[in-house]
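Q: After the structure tokens below, expect a handful of questions from me.
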Protein chains: 2
Amino acid sequence: MNQPQTTPPSVIRIEPFKVACSNCNLRELCLPVGMSNEQMEQLDAIVAVRRTVQRGDPLFRAGDAFVSLYAVRTGFFKTRVSAEDGRDQVTGFQMAGELIGLDGIGTERHTCDAVALEDSQVCVIPYMQLEELSRQLTDLQRHFHRIMSREIVREHGVMLLLGSMRAEERLAAFLLNLTQRLHTRGFASKSVVLRMTREEIGSYLGLKLETVSRAFSKLQDDGVLLVKQRQIDVLDAAALQRLVNGAAC
Amino acid sequence: MNQPQTTPPSVIRIEPFKVACSNCNLRELCLPVGMSNEQMEQLDAIVAVRRTVQRGDPLFRAGDAFVSLYAVRTGFFKTRVSAEDGRDQVTGFQMAGELIGLDGIGTERHTCDAVALEDSQVCVIPYMQLEELSRQLTDLQRHFHRIMSREIVREHGVMLLLGSMRAEERLAAFLLNLTQRLHTRGFASKSVVLRMTREEIGSYLGLKLETVSRAFSKLQDDGVLLVKQRQIDVLDAAALQRLVNGAAC
DNA sequence: CGCGAGCTTGATGCCGATCAATGCATGTGG
DNA sequence: CCACATGCATTGATCGGCATCAAGCTCGCG
């Protein structure tokens with residue numbers, strides 16, 4: 001049906017093909033934010049390759065050598081950390097324009113898995129070259145640091161959520177975050193088709209899938225959402241916001 | 001009694017006084033890791049000021065303009081994010097050699113509070129100058145990126161903890177992390193004097209203070225710890241490790 | 001000495017986990 | 001095209017871990 005944020009893999013399959021940030025419609029969301037045309041051309045020179053990842057396939061796994069960062073061009077990913085005993089935790093969902101792989105810089109190995117939730121395409125950014133270029137381009141350096149810092153801040157928010165919110169509040173926060181990010185990308189924020197299962201949402205929110213399902217049902221009963229499987233319509237965004245803030249307490 | 005990781009404020013009170021990374025006994029833990037003497041002197045030139053922070057006082061607050069990063073020289077801090085409704089969450093505890101303030105880079109404002117848990121001293125690192133210097137010193141740039149990346153990875157670990165561990169396991173993970181970091185700094189890792197209250201530990205671990213207290217008591221009953229208020233002796237580190245991994249399940 | 005902050009311990013209740021059954025959509029092979 | 005399998009979602013019943021409420025304890029300090 002209508003799946004606004006999907007771009008099907010299409011016929012193009014030539015794997016390493018020519019890429020240009022300067023031409024990319026995501027340049028205002030992605031790494032090149034605030035760069036001049038000339039600067040962007042220098043970035044084009046290092047971001048030379050795209051890679052397609054089939055739904056369900058990993059972009060990388062924990063333990064893989066870290067070589068590149070990845071910018072999501074189309075599609076949708078989750079990142080996931082695992083404990084030895086098999087417990088795992090979804091640490092984030094990434095959509096177009098977002099960077100994946102920052103976890104690898106610290107140890108030169110990835111520490112989490114990144115898995116495509118739908119057929120996706122990423123731009124490959126060789127890290128060594130990015131480092132070098134960012135020594136020359138102040139704006140790039142600045143923006144790269146901001147991206148890392150914002151990731152840290154985002155995770156603070158998740159910690160707050162996991163540490164002190166109740167199930168319904170967590171789901172509300174999750175939905176608001178998702179719709180805001182879609183809105184930024186020019187999609188209607190009232191209607192979302194989720195790319196992830198209840199179980200994946202649960203893993204991200206520290207809940208079991210049944211609890212996620214019940215929270216969806218509750219929000220539907222309260223007239224806040226309209227839930228039809230993965231198709232979610234937000235009827236009362238203000239109510240979601242109130243839940244997140246905790247006016248209910 | 002013995003409080004290994006404390007350095008009392010002492011008589012020195014001259015606020016902005018001369019500092020030298022190249023002379024600092026923390027240089028192998030802190031920002032200058034892996035830098036040559038010459039490079040360190042350049043770093044000395046920008047890290048010109050130390051600041052003392054009294055126990056209970058904030059180093060900065062959420063909303064403050066972001067100007068500098070801070071390296072803990074002596075003492076102990078917590079960082080904390082707050083929601084509008086007053087809920088808050090401790091996002092980390094920082095000890096000697098660790099960097100505070102990375103959250104501010106993204107928006108040029110701090111997004112969390114940093115509070116001293118004991119009388120402390122920090123080295124002030126003006127961010128603009130650090131950025132500039134790291135354009136010249138590859139090693140500094142590299143190390144700075146690693147620090148940010150590791151912070152992201154650390155937070156992934158906390159998310160795993162908050163999302164999927166039970167109270168006792170969380171406490172075990174917390175204690176192991178703490179003792180490891182103390183060990184790195186040359187302190188006996190079997191005996192710790194906690195710098196934070198049960199409530200602060202609870203906030204970090206997503207638990208109430210009573211639950212933290214009960215978990216301590218349980219671990220004592222099981223012969224894993226010896227708990228005397230804030231004085232903790234680890235009798236069976238392997239048991240703690242087993243808890244974290246989940247061999248009990 | 002007495003106060004107060006922080007810690008411990010007990011009793012009770014609730015939220016979310018767990019277990020289990022059913023429903024729904026998609027896809028595949030007969 | 002239908003029968004069936006499969007993966008995912010919903011819903012109900014019960015259980016358990018942690019929160020909450022409450023009382024007493026410890027220790028440092030004015």
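If you're wondering about the labels, chains in the structure tokens are A, B, ... by order shown, residues count from 1 in each chain, ligands from 1 in order shown.
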Let me make sure I understand: if you superpose chain B onto chain A using all C-alpha atoms paired in order, what RMSD in Å results?

A: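 After superposition, the RMSD is 0.1 Å.
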
Q: For chain C against chain A, which residues fall within 10 Å using only C-alpha atoms (C1' of nucleotides), given as a PyMOL selection string?

A: chain C and resi 15-18+24-25

Q: Using only C-alpha atoms, I'd like every residue of chain A that has an atom within 8 Å of chain B; please write them out as a ChimeraX atom specification.

A: /A:81-85,87-89,91,102-107,111,131,134-136,142,145-153,155-160,162-164,203-207,245-247

Q: Mind checking which residues fall within 9 Å of stretch 2-7 of chain D, counting only C-alpha atoms (C1' of nucleotides), ignoring those fewer than 6 positions away in the same chain, and posting them as a count of residues only?

A: 4

Q: When DSSP works through the backbone of this structure, what residues of stretch 95-172 of chain A end up as strand (DSSP E or B), shown as a list in words?

A: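 The strand (DSSP E or B) subset of stretch 95-172 of chain A is Met95, Leu99, Ile100, Arg109, Asp113, Ala114, Val115, Ala116, Ser120, Gln121, Val122, Cys123, Val124, Ile125 and Pro126 of chain A.
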
Q: Would you pick out the contacts of A:Cys123 at 7 Å or less, using only C-alpha atoms (C1' of nucleotides), so that residues sharing its chain but fewer than 3 positions from it are not included, and give the list as a list in words?

A: Val47, Val49, Arg50, Arg51, Tyr70, Ala71, Val72 and Arg73 of chain A

Q: What does the distance from atom C1' of D:DG16 to atom CA of A:Leu240 come to in Å, to one decimal?

A: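 Straight-line distance from atom C1' of D:DG16 to atom CA of A:Leu240 works out to 29.8 Å.
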
Q: Write out as a tab-separated table the residues of chain A that have any atom within 10 Å of an atom of chain D, one row each with the nearest atom pair and its distance in Å to one decimal, counting only C-alpha atoms (C1' of nucleotides), sorted by chain and then rising number.

A:
```
residue	atom	partner	partner_atom	distance
A:Thr197	CA	D:DC8	C1'	7.5
A:Arg198	CA	D:DA9	C1'	7.9
A:Glu199	CA	D:DC8	C1'	9.3
A:Leu209	CA	D:DA9	C1'	9.1
A:Glu210	CA	D:DT10	C1'	8.2
A:Ser213	CA	D:DT10	C1'	7.0
A:Arg214	CA	D:DT10	C1'	7.9
A:Ser217	CA	D:DT10	C1'	8.6
A:Lys228	CA	D:DA9	C1'	9.9
A:Gln229	CA	D:DA9	C1'	7.0
A:Arg230	CA	D:DA9	C1'	9.4
```

Q: Per DSSP on the backbone, filter stretch 67-166 of chain B down to the residues in helix (DSSP H, G or I) and report them as a PyMOL selection string.

A: chain B and resi 102-104+127-136+138-164

Q: Atoms to include: C-alpha atoms. Write the selected residues as a compact mmCIF listing (two decimals), in the first residue's frame.

A:
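Written out: out-v9.txt:
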```txt
# COMPACT_ATOMS: atom_id res chain seq x y z
CA LEU B 102 31.03 16.02 25.19
CA ASP B 103 27.24 16.40 25.24
CA GLY B 104 27.61 20.12 24.61
CA TYR B 127 36.85 23.46 22.79
CA MET B 128 37.57 25.83 19.92
CA GLN B 129 41.25 25.55 20.55
CA LEU B 130 41.10 21.80 20.91
CA GLU B 131 39.38 21.61 17.55
CA GLU B 132 42.04 23.73 15.97
CA LEU B 133 44.91 21.84 17.53
CA SER B 134 43.43 18.52 16.54
CA ARG B 135 43.53 19.68 12.92
CA GLN B 136 47.30 19.86 13.26
CA THR B 138 46.74 13.70 13.87
CA ASP B 139 47.30 11.75 17.06
CA LEU B 140 45.22 14.14 19.08
CA GLN B 141 42.44 14.07 16.52
CA ARG B 142 42.48 10.31 16.47
CA HIS B 143 42.43 10.02 20.21
CA PHE B 144 39.66 12.53 20.62
CA HIS B 145 37.50 10.63 18.17
CA ARG B 146 38.22 7.44 20.04
CA ILE B 147 37.14 8.97 23.29
CA MET B 148 33.82 10.04 21.79
CA SER B 149 33.31 6.67 20.16
CA ARG B 150 34.03 4.85 23.39
CA GLU B 151 31.51 6.99 25.16
CA ILE B 152 28.93 5.88 22.62
CA VAL B 153 29.91 2.26 23.17
CA ARG B 154 29.78 2.67 26.93
CA GLU B 155 26.26 3.99 26.62
CA HIS B 156 25.28 1.03 24.48
CA GLY B 157 26.37 -1.10 27.40
CA VAL B 158 24.24 0.89 29.79
CA MET B 159 21.29 0.53 27.46
CA LEU B 160 21.76 -3.23 27.47
CA LEU B 161 21.90 -3.16 31.24
CA LEU B 162 18.80 -1.00 31.61
CA GLY B 163 16.89 -2.86 28.97
CA SER B 164 17.47 -6.43 29.93
```

Q: Contacts of B:Asn23 at 10 Å or less, counting only C-alpha atoms (C1' of nucleotides), minus same-chain residues fewer than 3 places along, as a ChimeraX atom specification?

A: /B:19-20,26-27,37,40-41,44

Q: Would you save the residues from that selection as a PDB file, in the first residue's frame, using C-alpha atoms?

A:
```pdb
ATOM      1  CA  VAL B  19      49.012  23.394  34.314  1.00  0.00           C
ATOM      2  CA  ALA B  20      51.045  20.951  32.310  1.00  0.00           C
ATOM      3  CA  LEU B  26      47.223  11.074  34.323  1.00  0.00           C
ATOM      4  CA  ARG B  27      48.675  11.629  30.882  1.00  0.00           C
ATOM      5  CA  ASN B  37      56.472  15.417  24.361  1.00  0.00           C
ATOM      6  CA  MET B  40      51.994  17.568  24.624  1.00  0.00           C
ATOM      7  CA  GLU B  41      53.563  20.953  25.002  1.00  0.00           C
ATOM      8  CA  ASP B  44      49.722  22.455  27.480  1.00  0.00           C
TER       9      ASP B  44
END
```

Q: Quote the spacing between atom CA of B:Leu29 and atom CA of B:Val192 in Å to one decimal place.

A: 19.9 Å
